[in-house]
Amino acid sequence: ATEDPEFKNLTRSEMKRLIARRIAAVGACLMTFMLFPSQIMVPPLPEGKVFEMKLFQFNRKGQLETKKNVLRKWQMREALWNAIQLAERCLRMQYSLVMWTREDQLWYGNITSLVSLPHEPFASRRVWSKGCQEFGGISDKTVIMGRAAAQVMLTLYSSFWRPCDWAHVSNEESYLTRVIRIHRLSLARLDFSRIPSSDGILFKTHACFIKLYKCEGADDPRYTVCPEG
């Protein structure tokens, strides 16, 4: 991938102002800005079968760092969730919906209106995800949560370190599904047309999508298939 030239050599405050302007241009506002170090520290993983069986797909030789990267991602989300709750207290209100989306998503169009979601039955305890490329669980690429569900899904980092006997799963997608089930949250899947994104790579002159993770309906002449390898 190629670095956005507008971000090159910017200071922290300059980067914050640029991001705030871009967000304001689409009618939203930047509430929190966090710039994490290139390598977030993760404590050594505890020994024993209970922790070894969490995300055990990554126990193979050379895969431990991948497991730690999942934890780093959860750690960043939890830090942002803490900032969200601080904003709620300052504003004396609560958000109805919270969403995460991964930075490697190539968007084929705008996400459709979410206005109806908070009015669905038990919406506060519901998780919505894209119904494709689920790999034995749920797609973690873009996930929308009701307020009570967000309290669970955005504290995965803290809860990972607690011993439990229900988390014997191979990958992140399966882990998320197990968390939803254990905490008695409800899960709903949205069509690609409602969350029109797919894994991709952005280059200086073009973008491409990763064939392995392509959702049905993700066809756009602007994007080519990324070369393998």
# chains A, B, ... in the order shown; residues from 1 in each chain; ligands from 1
>>> select_by_dssp(residues="stretch 95-189 of chain A", states="alpha helix (DSSP H)", output="PDB file with all heavy atoms, in the first residue's frame")
ATOM      1  N   ARG A 147     -25.778  -0.307  21.957  1.00  0.00           N
ATOM      2  CA  ARG A 147     -24.974   0.235  23.072  1.00  0.00           C
ATOM      3  C   ARG A 147     -24.553  -0.838  24.073  1.00  0.00           C
ATOM      4  O   ARG A 147     -23.385  -0.882  24.490  1.00  0.00           O
ATOM      5  CB  ARG A 147     -25.778   1.350  23.777  1.00  0.00           C
ATOM      6  CG  ARG A 147     -25.061   1.991  24.976  1.00  0.00           C
ATOM      7  CD  ARG A 147     -23.757   2.620  24.564  1.00  0.00           C
ATOM      8  NE  ARG A 147     -23.103   3.304  25.662  1.00  0.00           N
ATOM      9  CZ  ARG A 147     -22.479   2.722  26.683  1.00  0.00           C
ATOM     10  NH1 ARG A 147     -22.449   1.410  26.759  1.00  0.00           N
ATOM     11  NH2 ARG A 147     -21.882   3.447  27.609  1.00  0.00           N
ATOM     12  N   ALA A 148     -25.455  -1.723  24.468  1.00  0.00           N
ATOM     13  CA  ALA A 148     -25.095  -2.765  25.432  1.00  0.00           C
ATOM     14  C   ALA A 148     -24.151  -3.789  24.796  1.00  0.00           C
ATOM     15  O   ALA A 148     -23.226  -4.286  25.453  1.00  0.00           O
ATOM     16  CB  ALA A 148     -26.352  -3.457  25.952  1.00  0.00           C
ATOM     17  N   ALA A 149     -24.368  -4.106  23.538  1.00  0.00           N
ATOM     18  CA  ALA A 149     -23.487  -5.047  22.849  1.00  0.00           C
ATOM     19  C   ALA A 149     -22.083  -4.480  22.708  1.00  0.00           C
ATOM     20  O   ALA A 149     -21.081  -5.204  22.810  1.00  0.00           O
ATOM     21  CB  ALA A 149     -24.052  -5.394  21.474  1.00  0.00           C
ATOM     22  N   ALA A 150     -21.972  -3.175  22.493  1.00  0.00           N
ATOM     23  CA  ALA A 150     -20.664  -2.537  22.357  1.00  0.00           C
ATOM     24  C   ALA A 150     -19.836  -2.694  23.623  1.00  0.00           C
ATOM     25  O   ALA A 150     -18.615  -2.879  23.568  1.00  0.00           O
ATOM     26  CB  ALA A 150     -20.840  -1.058  22.014  1.00  0.00           C
ATOM     27  N   GLN A 151     -20.489  -2.651  24.785  1.00  0.00           N
ATOM     28  CA  GLN A 151     -19.773  -2.818  26.049  1.00  0.00           C
ATOM     29  C   GLN A 151     -19.077  -4.172  26.114  1.00  0.00           C
ATOM     30  O   GLN A 151     -18.011  -4.306  26.721  1.00  0.00           O
ATOM     31  CB  GLN A 151     -20.753  -2.671  27.224  1.00  0.00           C
ATOM     32  CG  GLN A 151     -20.125  -2.800  28.595  1.00  0.00           C
ATOM     33  CD  GLN A 151     -19.099  -1.717  28.875  1.00  0.00           C
ATOM     34  OE1 GLN A 151     -19.347  -0.534  28.618  1.00  0.00           O
ATOM     35  NE2 GLN A 151     -17.945  -2.100  29.409  1.00  0.00           N
ATOM     36  N   VAL A 152     -19.639  -5.166  25.457  1.00  0.00           N
ATOM     37  CA  VAL A 152     -19.040  -6.502  25.419  1.00  0.00           C
ATOM     38  C   VAL A 152     -18.003  -6.599  24.306  1.00  0.00           C
ATOM     39  O   VAL A 152     -16.855  -7.008  24.522  1.00  0.00           O
ATOM     40  CB  VAL A 152     -20.134  -7.570  25.208  1.00  0.00           C
ATOM     41  CG1 VAL A 152     -19.500  -8.955  25.027  1.00  0.00           C
ATOM     42  CG2 VAL A 152     -21.112  -7.578  26.372  1.00  0.00           C
ATOM     43  N   MET A 153     -18.378  -6.195  23.104  1.00  0.00           N
ATOM     44  CA  MET A 153     -17.543  -6.413  21.926  1.00  0.00           C
ATOM     45  C   MET A 153     -16.318  -5.513  21.884  1.00  0.00           C
ATOM     46  O   MET A 153     -15.333  -5.832  21.208  1.00  0.00           O
ATOM     47  CB  MET A 153     -18.374  -6.215  20.661  1.00  0.00           C
ATOM     48  CG  MET A 153     -19.607  -7.108  20.557  1.00  0.00           C
ATOM     49  SD  MET A 153     -19.199  -8.872  20.590  1.00  0.00           S
ATOM     50  CE  MET A 153     -18.417  -9.064  18.990  1.00  0.00           C
ATOM     51  N   LEU A 156     -12.964  -6.774  24.408  1.00  0.00           N
ATOM     52  CA  LEU A 156     -12.413  -8.112  24.176  1.00  0.00           C
ATOM     53  C   LEU A 156     -10.991  -8.242  24.705  1.00  0.00           C
ATOM     54  O   LEU A 156     -10.578  -9.319  25.144  1.00  0.00           O
ATOM     55  CB  LEU A 156     -12.431  -8.441  22.680  1.00  0.00           C
ATOM     56  CG  LEU A 156     -13.804  -8.591  22.012  1.00  0.00           C
ATOM     57  CD1 LEU A 156     -13.631  -8.791  20.516  1.00  0.00           C
ATOM     58  CD2 LEU A 156     -14.579  -9.742  22.627  1.00  0.00           C
ATOM     59  N   TYR A 157     -10.244  -7.142  24.651  1.00  0.00           N
ATOM     60  CA  TYR A 157      -8.855  -7.211  25.121  1.00  0.00           C
ATOM     61  C   TYR A 157      -8.809  -7.542  26.606  1.00  0.00           C
ATOM     62  O   TYR A 157      -8.082  -8.450  27.032  1.00  0.00           O
ATOM     63  CB  TYR A 157      -8.135  -5.894  24.843  1.00  0.00           C
ATOM     64  CG  TYR A 157      -6.703  -5.897  25.339  1.00  0.00           C
ATOM     65  CD1 TYR A 157      -5.718  -6.588  24.637  1.00  0.00           C
ATOM     66  CD2 TYR A 157      -6.346  -5.237  26.512  1.00  0.00           C
ATOM     67  CE1 TYR A 157      -4.404  -6.608  25.093  1.00  0.00           C
ATOM     68  CE2 TYR A 157      -5.039  -5.255  26.970  1.00  0.00           C
ATOM     69  CZ  TYR A 157      -4.074  -5.947  26.258  1.00  0.00           C
ATOM     70  OH  TYR A 157      -2.785  -5.986  26.726  1.00  0.00           O
ATOM     71  N   SER A 158      -9.576  -6.829  27.409  1.00  0.00           N
ATOM     72  CA  SER A 158      -9.587  -7.096  28.863  1.00  0.00           C
ATOM     73  C   SER A 158     -10.106  -8.491  29.167  1.00  0.00           C
ATOM     74  O   SER A 158      -9.553  -9.212  30.004  1.00  0.00           O
ATOM     75  CB  SER A 158     -10.456  -6.056  29.583  1.00  0.00           C
ATOM     76  OG  SER A 158      -9.883  -4.775  29.486  1.00  0.00           O
ATOM     77  N   SER A 159     -11.173  -8.889  28.482  1.00  0.00           N
ATOM     78  CA  SER A 159     -11.785 -10.181  28.792  1.00  0.00           C
ATOM     79  C   SER A 159     -10.928 -11.354  28.330  1.00  0.00           C
ATOM     80  O   SER A 159     -11.038 -12.456  28.880  1.00  0.00           O
ATOM     81  CB  SER A 159     -13.171 -10.276  28.153  1.00  0.00           C
ATOM     82  OG  SER A 159     -13.103 -10.209  26.745  1.00  0.00           O
ATOM     83  N   PHE A 160     -10.044 -11.128  27.358  1.00  0.00           N
ATOM     84  CA  PHE A 160      -9.188 -12.211  26.868  1.00  0.00           C
ATOM     85  C   PHE A 160      -8.321 -12.785  27.983  1.00  0.00           C
ATOM     86  O   PHE A 160      -8.043 -13.988  28.008  1.00  0.00           O
ATOM     87  CB  PHE A 160      -8.299 -11.714  25.729  1.00  0.00           C
ATOM     88  CG  PHE A 160      -7.324 -12.747  25.212  1.00  0.00           C
ATOM     89  CD1 PHE A 160      -7.706 -13.646  24.231  1.00  0.00           C
ATOM     90  CD2 PHE A 160      -6.030 -12.825  25.713  1.00  0.00           C
ATOM     91  CE1 PHE A 160      -6.823 -14.604  23.760  1.00  0.00           C
ATOM     92  CE2 PHE A 160      -5.138 -13.781  25.249  1.00  0.00           C
ATOM     93  CZ  PHE A 160      -5.538 -14.666  24.274  1.00  0.00           C
ATOM     94  N   GLU A 172     -10.244 -15.623  15.053  1.00  0.00           N
ATOM     95  CA  GLU A 172     -10.914 -14.446  15.600  1.00  0.00           C
ATOM     96  C   GLU A 172     -12.403 -14.449  15.287  1.00  0.00           C
ATOM     97  O   GLU A 172     -13.228 -14.083  16.136  1.00  0.00           O
ATOM     98  CB  GLU A 172     -10.273 -13.180  15.029  1.00  0.00           C
ATOM     99  CG  GLU A 172     -10.853 -11.899  15.584  1.00  0.00           C
ATOM    100  CD  GLU A 172     -10.169 -10.659  15.039  1.00  0.00           C
ATOM    101  OE1 GLU A 172      -9.249 -10.799  14.201  1.00  0.00           O
ATOM    102  OE2 GLU A 172     -10.568  -9.546  15.439  1.00  0.00           O
ATOM    103  N   GLU A 173     -12.765 -14.852  14.078  1.00  0.00           N
ATOM    104  CA  GLU A 173     -14.174 -14.864  13.695  1.00  0.00           C
ATOM    105  C   GLU A 173     -14.999 -15.779  14.599  1.00  0.00           C
ATOM    106  O   GLU A 173     -16.107 -15.430  15.031  1.00  0.00           O
ATOM    107  CB  GLU A 173     -14.310 -15.297  12.231  1.00  0.00           C
ATOM    108  CG  GLU A 173     -13.760 -14.313  11.214  1.00  0.00           C
ATOM    109  CD  GLU A 173     -12.252 -14.455  10.980  1.00  0.00           C
ATOM    110  OE1 GLU A 173     -11.623 -15.295  11.660  1.00  0.00           O
ATOM    111  OE2 GLU A 173     -11.711 -13.744  10.137  1.00  0.00           O
ATOM    112  N   SER A 174     -14.443 -16.959  14.900  1.00  0.00           N
ATOM    113  CA  SER A 174     -15.133 -17.897  15.797  1.00  0.00           C
ATOM    114  C   SER A 174     -15.182 -17.366  17.225  1.00  0.00           C
ATOM    115  O   SER A 174     -16.170 -17.563  17.945  1.00  0.00           O
ATOM    116  CB  SER A 174     -14.433 -19.258  15.777  1.00  0.00           C
ATOM    117  OG  SER A 174     -14.434 -19.814  14.488  1.00  0.00           O
ATOM    118  N   TYR A 175     -14.134 -16.689  17.640  1.00  0.00           N
ATOM    119  CA  TYR A 175     -14.080 -16.126  18.988  1.00  0.00           C
ATOM    120  C   TYR A 175     -15.187 -15.088  19.174  1.00  0.00           C
ATOM    121  O   TYR A 175     -15.883 -15.073  20.199  1.00  0.00           O
ATOM    122  CB  TYR A 175     -12.712 -15.492  19.229  1.00  0.00           C
ATOM    123  CG  TYR A 175     -12.443 -15.089  20.668  1.00  0.00           C
ATOM    124  CD1 TYR A 175     -11.823 -15.967  21.551  1.00  0.00           C
ATOM    125  CD2 TYR A 175     -12.799 -13.821  21.137  1.00  0.00           C
ATOM    126  CE1 TYR A 175     -11.580 -15.596  22.872  1.00  0.00           C
ATOM    127  CE2 TYR A 175     -12.553 -13.446  22.447  1.00  0.00           C
ATOM    128  CZ  TYR A 175     -11.937 -14.338  23.312  1.00  0.00           C
ATOM    129  OH  TYR A 175     -11.704 -13.964  24.619  1.00  0.00           O
ATOM    130  N   LEU A 176     -15.364 -14.222  18.172  1.00  0.00           N
ATOM    131  CA  LEU A 176     -16.402 -13.199  18.264  1.00  0.00           C
ATOM    132  C   LEU A 176     -17.782 -13.835  18.381  1.00  0.00           C
ATOM    133  O   LEU A 176     -18.625 -13.382  19.180  1.00  0.00           O
ATOM    134  CB  LEU A 176     -16.355 -12.288  17.034  1.00  0.00           C
ATOM    135  CG  LEU A 176     -15.093 -11.447  16.846  1.00  0.00           C
ATOM    136  CD1 LEU A 176     -15.201 -10.606  15.585  1.00  0.00           C
ATOM    137  CD2 LEU A 176     -14.839 -10.557  18.046  1.00  0.00           C
ATOM    138  N   THR A 177     -18.016 -14.883  17.595  1.00  0.00           N
ATOM    139  CA  THR A 177     -19.310 -15.574  17.654  1.00  0.00           C
ATOM    140  C   THR A 177     -19.536 -16.182  19.021  1.00  0.00           C
ATOM    141  O   THR A 177     -20.649 -16.119  19.578  1.00  0.00           O
ATOM    142  CB  THR A 177     -19.372 -16.676  16.580  1.00  0.00           C
ATOM    143  OG1 THR A 177     -19.124 -16.084  15.305  1.00  0.00           O
ATOM    144  CG2 THR A 177     -20.726 -17.341  16.559  1.00  0.00           C
ATOM    145  N   ARG A 178     -18.496 -16.773  19.605  1.00  0.00           N
ATOM    146  CA  ARG A 178     -18.629 -17.385  20.928  1.00  0.00           C
ATOM    147  C   ARG A 178     -18.909 -16.317  21.993  1.00  0.00           C
ATOM    148  O   ARG A 178     -19.725 -16.536  22.895  1.00  0.00           O
ATOM    149  CB  ARG A 178     -17.346 -18.159  21.262  1.00  0.00           C
ATOM    150  CG  ARG A 178     -17.454 -19.085  22.455  1.00  0.00           C
ATOM    151  CD  ARG A 178     -18.399 -20.255  22.202  1.00  0.00           C
ATOM    152  NE  ARG A 178     -17.962 -21.096  21.104  1.00  0.00           N
ATOM    153  CZ  ARG A 178     -17.098 -22.110  21.204  1.00  0.00           C
ATOM    154  NH1 ARG A 178     -16.564 -22.407  22.394  1.00  0.00           N
ATOM    155  NH2 ARG A 178     -16.777 -22.842  20.150  1.00  0.00           N
ATOM    156  N   VAL A 179     -18.261 -15.165  21.881  1.00  0.00           N
ATOM    157  CA  VAL A 179     -18.508 -14.069  22.824  1.00  0.00           C
ATOM    158  C   VAL A 179     -19.966 -13.619  22.743  1.00  0.00           C
ATOM    159  O   VAL A 179     -20.626 -13.408  23.773  1.00  0.00           O
ATOM    160  CB  VAL A 179     -17.559 -12.879  22.528  1.00  0.00           C
ATOM    161  CG1 VAL A 179     -18.005 -11.632  23.293  1.00  0.00           C
ATOM    162  CG2 VAL A 179     -16.128 -13.234  22.907  1.00  0.00           C
ATOM    163  N   ILE A 180     -20.475 -13.488  21.526  1.00  0.00           N
ATOM    164  CA  ILE A 180     -21.869 -13.084  21.336  1.00  0.00           C
ATOM    165  C   ILE A 180     -22.809 -14.086  21.998  1.00  0.00           C
ATOM    166  O   ILE A 180     -23.771 -13.716  22.693  1.00  0.00           O
ATOM    167  CB  ILE A 180     -22.178 -12.961  19.830  1.00  0.00           C
ATOM    168  CG1 ILE A 180     -21.450 -11.735  19.252  1.00  0.00           C
ATOM    169  CG2 ILE A 180     -23.681 -12.858  19.573  1.00  0.00           C
ATOM    170  CD1 ILE A 180     -21.491 -11.651  17.737  1.00  0.00           C
ATOM    171  N   ARG A 181     -22.524 -15.370  21.823  1.00  0.00           N
ATOM    172  CA  ARG A 181     -23.397 -16.413  22.365  1.00  0.00           C
ATOM    173  C   ARG A 181     -23.329 -16.447  23.894  1.00  0.00           C
ATOM    174  O   ARG A 181     -24.367 -16.525  24.571  1.00  0.00           O
ATOM    175  CB  ARG A 181     -22.993 -17.770  21.781  1.00  0.00           C
ATOM    176  CG  ARG A 181     -23.940 -18.913  22.135  1.00  0.00           C
ATOM    177  CD  ARG A 181     -23.469 -20.189  21.475  1.00  0.00           C
ATOM    178  NE  ARG A 181     -23.348 -20.017  20.032  1.00  0.00           N
ATOM    179  CZ  ARG A 181     -22.411 -20.590  19.292  1.00  0.00           C
ATOM    180  NH1 ARG A 181     -21.507 -21.377  19.845  1.00  0.00           N
ATOM    181  NH2 ARG A 181     -22.382 -20.391  17.989  1.00  0.00           N
ATOM    182  N   ILE A 182     -22.126 -16.386  24.449  1.00  0.00           N
ATOM    183  CA  ILE A 182     -21.955 -16.474  25.900  1.00  0.00           C
ATOM    184  C   ILE A 182     -22.637 -15.311  26.615  1.00  0.00           C
ATOM    185  O   ILE A 182     -23.225 -15.469  27.694  1.00  0.00           O
ATOM    186  CB  ILE A 182     -20.456 -16.533  26.255  1.00  0.00           C
ATOM    187  CG1 ILE A 182     -19.855 -17.881  25.842  1.00  0.00           C
ATOM    188  CG2 ILE A 182     -20.226 -16.273  27.736  1.00  0.00           C
ATOM    189  CD1 ILE A 182     -20.430 -19.076  26.587  1.00  0.00           C
TER     190      ILE A 182
END
>>> residues_around(residues="stretch 7-23 of chain A", least_positions_apart="6", cutoff="8 Å", atoms="only C-alpha atoms", output="VMD selection string")
chain A and resid 29 to 30 33 35
>>> write_last_selection(atoms="all heavy atoms", output="PDB file, in the first residue's frame")
ATOM      1  N   CYS A  29     -18.205  14.753  12.757  1.00  0.00           N
ATOM      2  CA  CYS A  29     -17.202  15.470  13.536  1.00  0.00           C
ATOM      3  C   CYS A  29     -16.268  14.485  14.216  1.00  0.00           C
ATOM      4  O   CYS A  29     -16.670  13.363  14.547  1.00  0.00           O
ATOM      5  CB  CYS A  29     -17.861  16.391  14.571  1.00  0.00           C
ATOM      6  SG  CYS A  29     -18.834  15.530  15.824  1.00  0.00           S
ATOM      7  N   LEU A  30     -15.042  14.891  14.397  1.00  0.00           N
ATOM      8  CA  LEU A  30     -14.028  14.065  15.055  1.00  0.00           C
ATOM      9  C   LEU A  30     -14.117  14.293  16.558  1.00  0.00           C
ATOM     10  O   LEU A  30     -13.919  15.410  17.044  1.00  0.00           O
ATOM     11  CB  LEU A  30     -12.634  14.433  14.545  1.00  0.00           C
ATOM     12  CG  LEU A  30     -11.458  13.710  15.200  1.00  0.00           C
ATOM     13  CD1 LEU A  30     -11.490  12.219  14.884  1.00  0.00           C
ATOM     14  CD2 LEU A  30     -10.128  14.318  14.735  1.00  0.00           C
ATOM     15  N   PHE A  33      -9.028  11.620  18.836  1.00  0.00           N
ATOM     16  CA  PHE A  33      -7.916  11.310  17.937  1.00  0.00           C
ATOM     17  C   PHE A  33      -6.810  10.655  18.758  1.00  0.00           C
ATOM     18  O   PHE A  33      -6.337  11.222  19.731  1.00  0.00           O
ATOM     19  CB  PHE A  33      -7.389  12.584  17.271  1.00  0.00           C
ATOM     20  CG  PHE A  33      -6.180  12.371  16.405  1.00  0.00           C
ATOM     21  CD1 PHE A  33      -6.312  11.876  15.116  1.00  0.00           C
ATOM     22  CD2 PHE A  33      -4.912  12.662  16.876  1.00  0.00           C
ATOM     23  CE1 PHE A  33      -5.202  11.672  14.320  1.00  0.00           C
ATOM     24  CE2 PHE A  33      -3.793  12.466  16.085  1.00  0.00           C
ATOM     25  CZ  PHE A  33      -3.939  11.978  14.801  1.00  0.00           C
ATOM     26  N   LEU A  35      -3.108   8.529  18.272  1.00  0.00           N
ATOM     27  CA  LEU A  35      -2.030   8.082  17.400  1.00  0.00           C
ATOM     28  C   LEU A  35      -1.198   7.074  18.178  1.00  0.00           C
ATOM     29  O   LEU A  35      -0.466   7.429  19.092  1.00  0.00           O
ATOM     30  CB  LEU A  35      -1.177   9.267  16.952  1.00  0.00           C
ATOM     31  CG  LEU A  35      -0.184   9.015  15.833  1.00  0.00           C
ATOM     32  CD1 LEU A  35      -0.895   8.575  14.555  1.00  0.00           C
ATOM     33  CD2 LEU A  35       0.644  10.265  15.561  1.00  0.00           C
TER      34      LEU A  35
END
>>> closest_residue(among="A:Gln63, A:Thr142, A:Ser186, A:Ser124", to="A:Gln105", atoms="only C-alpha atoms")
A:Thr142
>>> closest_residue(among="A:Lys211, A:Arg184, A:Arg89, A:His206", to="A:Phe122", atoms="only C-alpha atoms")
A:Arg184
>>> closest_residue(among="A:Lys141, A:Ala167, A:Met76, A:Ser129", to="A:Phe36", atoms="only C-alpha atoms")
A:Met76
>>> atom_distance(atom1="atom CA of A:Ile138", atom2="atom CA of A:Val26")
29.0 Å
>>> select_by_dssp(residues="stretch 9-160 of chain A", states="strand (DSSP E or B)", output="list in words")
Lys54, Leu97, Val98, Met99, Trp100, Thr101, Gln105, Leu106, Trp107, Arg126, Val127, Trp128, Ser129, Lys130, Thr142, Val143, Ile144, Met145 and Gly146 of chain A
>>> write_last_selection(atoms="N, CA and C atoms", output="PDB file, in the first residue's frame")
ATOM      1  N   LYS A  54      -7.220 -20.491  23.164  1.00  0.00           N
ATOM      2  CA  LYS A  54      -7.848 -19.284  22.634  1.00  0.00           C
ATOM      3  C   LYS A  54      -7.116 -18.897  21.349  1.00  0.00           C
ATOM      4  N   LEU A  97     -25.796   3.471  18.584  1.00  0.00           N
ATOM      5  CA  LEU A  97     -25.034   2.498  17.810  1.00  0.00           C
ATOM      6  C   LEU A  97     -23.554   2.855  17.848  1.00  0.00           C
ATOM      7  N   VAL A  98     -22.724   1.832  17.786  1.00  0.00           N
ATOM      8  CA  VAL A  98     -21.282   2.002  17.679  1.00  0.00           C
ATOM      9  C   VAL A  98     -20.808   1.092  16.542  1.00  0.00           C
ATOM     10  N   MET A  99     -19.840   1.541  15.775  1.00  0.00           N
ATOM     11  CA  MET A  99     -19.362   0.737  14.642  1.00  0.00           C
ATOM     12  C   MET A  99     -17.840   0.728  14.602  1.00  0.00           C
ATOM     13  N   TRP A 100     -17.285  -0.419  14.282  1.00  0.00           N
ATOM     14  CA  TRP A 100     -15.859  -0.437  13.922  1.00  0.00           C
ATOM     15  C   TRP A 100     -15.753  -0.886  12.473  1.00  0.00           C
ATOM     16  N   THR A 101     -14.708  -0.424  11.807  1.00  0.00           N
ATOM     17  CA  THR A 101     -14.398  -0.907  10.467  1.00  0.00           C
ATOM     18  C   THR A 101     -12.893  -0.964  10.334  1.00  0.00           C
ATOM     19  N   GLN A 105     -10.307  -2.031   4.327  1.00  0.00           N
ATOM     20  CA  GLN A 105     -11.537  -2.214   3.564  1.00  0.00           C
ATOM     21  C   GLN A 105     -11.572  -1.292   2.346  1.00  0.00           C
ATOM     22  N   LEU A 106     -11.895  -1.869   1.205  1.00  0.00           N
ATOM     23  CA  LEU A 106     -12.070  -1.127  -0.036  1.00  0.00           C
ATOM     24  C   LEU A 106     -13.571  -0.933  -0.218  1.00  0.00           C
ATOM     25  N   TRP A 107     -14.010   0.320  -0.241  1.00  0.00           N
ATOM     26  CA  TRP A 107     -15.447   0.590  -0.272  1.00  0.00           C
ATOM     27  C   TRP A 107     -15.927   0.764  -1.700  1.00  0.00           C
ATOM     28  N   ARG A 126     -27.817  -6.085  20.215  1.00  0.00           N
ATOM     29  CA  ARG A 126     -27.662  -6.733  18.912  1.00  0.00           C
ATOM     30  C   ARG A 126     -26.341  -6.358  18.252  1.00  0.00           C
ATOM     31  N   VAL A 127     -25.809  -7.321  17.501  1.00  0.00           N
ATOM     32  CA  VAL A 127     -24.599  -7.125  16.697  1.00  0.00           C
ATOM     33  C   VAL A 127     -24.963  -7.383  15.240  1.00  0.00           C
ATOM     34  N   TRP A 128     -24.613  -6.439  14.378  1.00  0.00           N
ATOM     35  CA  TRP A 128     -24.838  -6.599  12.949  1.00  0.00           C
ATOM     36  C   TRP A 128     -23.493  -6.724  12.240  1.00  0.00           C
ATOM     37  N   SER A 129     -23.368  -7.721  11.384  1.00  0.00           N
ATOM     38  CA  SER A 129     -22.135  -7.859  10.609  1.00  0.00           C
ATOM     39  C   SER A 129     -22.488  -8.240   9.181  1.00  0.00           C
ATOM     40  N   LYS A 130     -21.489  -8.194   8.325  1.00  0.00           N
ATOM     41  CA  LYS A 130     -21.699  -8.517   6.914  1.00  0.00           C
ATOM     42  C   LYS A 130     -21.786 -10.024   6.736  1.00  0.00           C
ATOM     43  N   THR A 142     -16.401  -5.059   9.207  1.00  0.00           N
ATOM     44  CA  THR A 142     -17.194  -3.915   9.647  1.00  0.00           C
ATOM     45  C   THR A 142     -18.323  -4.455  10.512  1.00  0.00           C
ATOM     46  N   VAL A 143     -18.373  -4.020  11.761  1.00  0.00           N
ATOM     47  CA  VAL A 143     -19.350  -4.538  12.713  1.00  0.00           C
ATOM     48  C   VAL A 143     -20.064  -3.358  13.367  1.00  0.00           C
ATOM     49  N   ILE A 144     -21.386  -3.453  13.449  1.00  0.00           N
ATOM     50  CA  ILE A 144     -22.222  -2.432  14.082  1.00  0.00           C
ATOM     51  C   ILE A 144     -22.830  -3.044  15.331  1.00  0.00           C
ATOM     52  N   MET A 145     -22.865  -2.281  16.410  1.00  0.00           N
ATOM     53  CA  MET A 145     -23.334  -2.806  17.690  1.00  0.00           C
ATOM     54  C   MET A 145     -24.290  -1.846  18.357  1.00  0.00           C
ATOM     55  N   GLY A 146     -25.309  -2.397  19.032  1.00  0.00           N
ATOM     56  CA  GLY A 146     -26.114  -1.596  19.930  1.00  0.00           C
ATOM     57  C   GLY A 146     -25.283  -1.236  21.152  1.00  0.00           C
TER      58      GLY A 146
END
>>> residues_around(residues="A:Ile210", least_positions_apart="6", cutoff="12 Å", atoms="only C-alpha atoms", output="ChimeraX atom specification")
/A:104-106,133,197-202,218-219,223-229
>>> residues_around(residues="A:Ile84", least_positions_apart="4", cutoff="8 Å", atoms="only C-alpha atoms", output="VMD selection string")
chain A and resid 32 80 88
>>> write_last_selection(atoms="C-alpha atoms", output="compact mmCIF listing (two decimals), in the first residue's frame")
# COMPACT_ATOMS: atom_id res chain seq x y z
CA THR A 32 -11.31 11.56 19.61
CA LEU A 80 -11.28 4.14 21.76
CA GLU A 88 -20.87 10.30 26.56
>>> residues_around(residues="A:Thr66", least_positions_apart="4", cutoff="12 Å", atoms="only C-alpha atoms", output="MDAnalysis selection string")
chainID A and resid 42 55:62 70:73 171:172
>>> closest_residue(among="A:Glu52, A:Asp191, A:Asp140, A:Glu120", to="A:Trp74", atoms="only C-alpha atoms")
A:Asp140
>>> atom_distance(atom1="atom CA of A:Phe135", atom2="atom CA of A:Phe209")
17.9 Å
>>> closest_residue(among="A:Pro163, A:Pro221, A:Pro46, A:Pro196", to="A:Ile111", atoms="only C-alpha atoms")
A:Pro196
>>> residues_around(residues="A:Leu45", least_positions_apart="6", cutoff="9 Å", atoms="only C-alpha atoms", output="ChimeraX atom specification")
/A:51-52,68,161
>>> write_last_selection(atoms="N, CA and C atoms", output="short mmCIF file (atom, residue, chain, number, x, y, z; two decimals), in the first residue's frame")
data_model
loop_
_atom_site.label_atom_id
_atom_site.label_comp_id
_atom_site.auth_asym_id
_atom_site.auth_seq_id
_atom_site.Cartn_x
_atom_site.Cartn_y
_atom_site.Cartn_z
N PHE A 51 -5.30 -20.76 27.91
CA PHE A 51 -4.94 -19.65 27.03
C PHE A 51 -4.41 -20.14 25.69
N GLU A 52 -3.78 -21.28 25.67
CA GLU A 52 -3.29 -21.83 24.41
C GLU A 52 -4.43 -22.13 23.45
N LYS A 68 -0.69 -12.00 18.67
CA LYS A 68 -0.48 -10.75 19.40
C LYS A 68 -1.06 -9.57 18.63
N TRP A 161 -7.88 -11.94 28.90
CA TRP A 161 -6.93 -12.37 29.93
C TRP A 161 -7.60 -13.09 31.10
#
